[in-house]
Structures are given as structure tokens and as C-alpha cells.
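To keep things clear, I will list the structure first and then write my remarks on it.
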Amino acid sequence: FVRVEADPENPGVAVIRIDRPKALNALNGTVTREIAEAAATVSADPSVRAVVLYGGERAFVAGADIKEMADLTHAEMLEYSRALQNALTAVARIPKPVVAAISGYALGGGCELALCADFRVAGAKARLGQPEIQLGVIPGAGGTQRLPRLIGPARAKDLVFSGRHVRAEEAREIGLVDRVVPDEEVYTAAVALVAKYVDGPAVALAAAKETIDRGLETDLDTGLEIERLHFSGLFSTEDQKAGMRSFVEEGPGKATFVGR
Ligand code: DAK
């Protein structure tokens, strides 16, 4: 149900394509495992410099698979939930720029998957939300954690308490998505958003991502220390040497990076 594909027109951009159309890409056990595998693949491949999460035109992901989950016991859910959280965490930790290209529904676990990307591009007809409350439960893969960190606690509580679907334009107004484009342009707009980083200093981009994400999880002092250590670490890269030498010799913005 999940493939890692190269974007033919944008070398260095990999697409994690979720493709379970009969269930609107609902995350069953297999899809979840395959997403974790895809995240590991793109993380480990040095030729991949940016990643797009895409579910096709009708749905990004309509949530965890309700039919598979419905009859689980408490003990079974403890195992199931670990796999789902681990898969989404693997996506959030991909050490490269990641964008979610959202066409159609991004609900429940689908919205939570999109929250694991660095950026979200939505089609005008997209619908996002955390409808779990209507099933008698709460979000289980970041909706109570990543969502309030992104849009603030009151807006997150509005979405989680009500379970309502948010249209793309409102999602942009509250910061849940970054760009809204015509539906037929979602994929290309998402690719364009990350393709510009493909020739960037990959180690510095990974450090920037990790420093921001880890820093948001801790107090300011610890965050600043993470930043200082990552900053210093970059002085062991070829790109730092090339970047600063280029500035000194040719002025700003002319460096060519090798990604090491
Ligand atoms: N699960 C299973 N099947 C789903 C599904 C889902 N989430 N969403 C859609 N489908 C299936 C439908 O049952 C239908 O299957 P057939 O009847 O054709 O066999 C097919 O996809 C097409 O759906 P519809 O016929 O309903 O299509 P519509 O256009 O009429 O409606 C819809 C689209 C997205 C509005 C509607 O399907 C819908 O409301 N879907 C459910 C959305 C939802 O409630 N999502 C949240 C699910 S709960 C956890 C972490 C995370 C989670 C849980 C645990 N652990 C770490 C603890 C996450 C939970 C969730 O995501």
C-alpha cells in the first residue's frame, strides 16, 4: 500500500505514496508498517534530499482503520498503538525537509500524519480534522500533542472536542496548513516547496530540523544548548567550509554545497 518513488522531474525528491484507495488510505496494520519502512528508507538514502507525503487525489489519509480497530481489547490496543505512534514518529524524524501534499481528506491519524511533516500544502477542497471524539475516543498519534504545538491549545481543543472537519482555507488561517492551492496543483506545489532544498547543505538542514523539533520539546536553556552543539558540529562539514569560503571570496549566496 505504500511506495517510495522518485519524482522524475525533480532529482533528489522522493515521494512516499500511500495507495489504499478503497479505504481512502485508512491506516491499517500493513499501511502503518509500510509507512515506517518508507520513512526508514528515505532517511537512510543519501540521494534523497527532500520528501513528499502523498495519498493521491481523493484522500490523503482518512484516519486509522476503524474497522480493524473497533473490536480490539485494551491489551491489543497497547500493542497496536505502539506501532502507529512509532510509524508516525519515524516520519517526524526523517532528517530532511518533508512536505505533506493533502488532497481530499486528512482526518484523525491522517491529520496526525500530516502534522509529522515540516510543511503542509492542501488543495482547496481538502478537509482536515480530528474526528476521533465522534468515535468515543481521542486522537492517539499526536493530535493532542503536535496539533496544539502547531496551532495553539485553544484551537486544538476546538478541533479535538468537536471533531469537526476544517476546510482548507480555515486550516490555512489557523496555521494547520501552510499553502492552499487549486486541487489539481497540490502535488506540484508541494514538490516545489521542498525541491528548492535539494541542493542545500544537507547536514545543516538536518541539524536545523532536529534543533527546532527537539528544542520545541524542551526548556529554552536546553534548546539553546542543543542549538550550540549542533552549530559547532557543523564545523566538521565540507559545506560549512565551502559556504564560508565562498562568502569571503565571492560574496553572499553563491556557495555550491555537496551535502556533506
Ligand atoms: N477506517 C476504515 N475505513 C474507512 C475509513 C477509516 N478511517 N475512512 C473511510 N473508510 C472506508 C469506508 O468505510 C468506505 O468503505 P466501503 O464501505 O466502500 O467498504 C470507503 O472508505 C469510502 O468511504 P465513504 O464511503 O465513507 O466515503 P465518503 O466520501 O462518503 O466519506 C469520509 C468520506 C472520510 C468523510 C468518511 O469515510 C469518514 O468519515 N471516514 C472516517 C473518518 C474518521 O473518523 N477518521 C478518524 C478515524 S480514527 C492510535 C493512533 C491514532 C489513531 C488511533 C489510535 N494509537 C497510537 C493509539 C487514529 C484514529 C483515527 O484516525
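Ordered as shown in the C-alpha cells, chains take letters A, B, and onward, while each chain numbers its residues from 1 and ligands are numbered from 1 in the order shown.
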Within 8 Å of ligand 1 (only C-alpha atoms and all ligand atoms), residues as JSON, numbers by chain: {"A": [21, 22, 23, 24, 25, 26, 27, 28, 59, 61, 62, 63, 64, 65, 66, 67, 68, 69, 77, 78, 80, 81, 82, 83, 84, 85, 105, 107, 108, 109, 110, 112, 130, 131, 132, 134, 135, 138, 139, 140, 141, 142]}
Which of stretch 20-253 of chain A DSSP labels strand (DSSP E), written as JSON, numbers by chain: {"A": [50, 51, 52, 53, 54, 59, 60, 61, 98, 99, 100, 101, 102, 105, 106, 107, 119, 120, 121, 122, 123, 127, 128, 129, 166, 167, 179, 180, 181]}
Write out, as a compact mmCIF listing (two decimals), in the first residue's frame, the residues just selected, with C-alpha atoms.
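For reference, out15.txt as written:
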```txt
# COMPACT_ATOMS: atom_id res chain seq x y z
CA ALA A 50 13.61 16.07 0.33
CA VAL A 51 10.40 14.08 0.77
CA VAL A 52 6.74 14.45 -0.22
CA LEU A 53 3.96 12.51 1.55
CA TYR A 54 1.13 11.99 -0.93
CA ALA A 59 -7.78 11.34 0.01
CA PHE A 60 -4.56 12.00 1.85
CA VAL A 61 -5.46 9.55 4.67
CA VAL A 98 9.27 16.82 4.36
CA VAL A 99 6.00 18.19 2.97
CA ALA A 100 2.52 16.67 3.11
CA ALA A 101 0.59 17.13 -0.15
CA ILE A 102 -3.03 17.00 1.03
CA TYR A 105 -9.45 14.01 3.48
CA ALA A 106 -6.74 14.23 6.15
CA LEU A 107 -8.65 13.05 9.19
CA PHE A 119 5.08 21.77 5.80
CA ARG A 120 1.54 21.12 4.61
CA VAL A 121 0.12 22.07 1.20
CA ALA A 122 -3.63 21.49 0.78
CA GLY A 123 -5.98 21.51 -2.17
CA ARG A 127 -10.83 18.58 4.69
CA LEU A 128 -8.74 18.20 7.80
CA GLY A 129 -9.71 17.32 11.34
CA VAL A 166 -11.94 22.06 8.72
CA ARG A 167 -11.93 23.35 5.17
CA ARG A 179 -0.49 26.87 1.48
CA VAL A 180 -3.82 26.29 -0.24
CA VAL A 181 -3.73 25.73 -3.99
```
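Remark: for A:Leu216, the closest of the candidate residues A:Gln145, A:Thr256, A:Thr30, A:Ser236 is A:Gln145 (distances computed over only C-alpha atoms).
Here the question is which of A:Asp219, A:Ala117, A:Thr32, A:Ala204 gets nearest to A:Arg93 using only C-alpha atoms, and that residue is A:Ala117.
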Given only C-alpha atoms as the counted atoms, nearest of A:Arg49, A:Gly163, A:Ile18, A:Leu147 to A:Ile35: A:Ile18
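Using only C-alpha atoms for every distance, the candidate list A:Val177, A:Val258, A:Cys111, A:Ala207 yields A:Cys111 as the residue closest to A:Val160.
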Shell of 10 Å around A:Gly233, only C-alpha atoms, local chain residues under 4 positions omitted, as a VMD selection string: chain A and resid 203 to 204 207 227 to 229 237 240
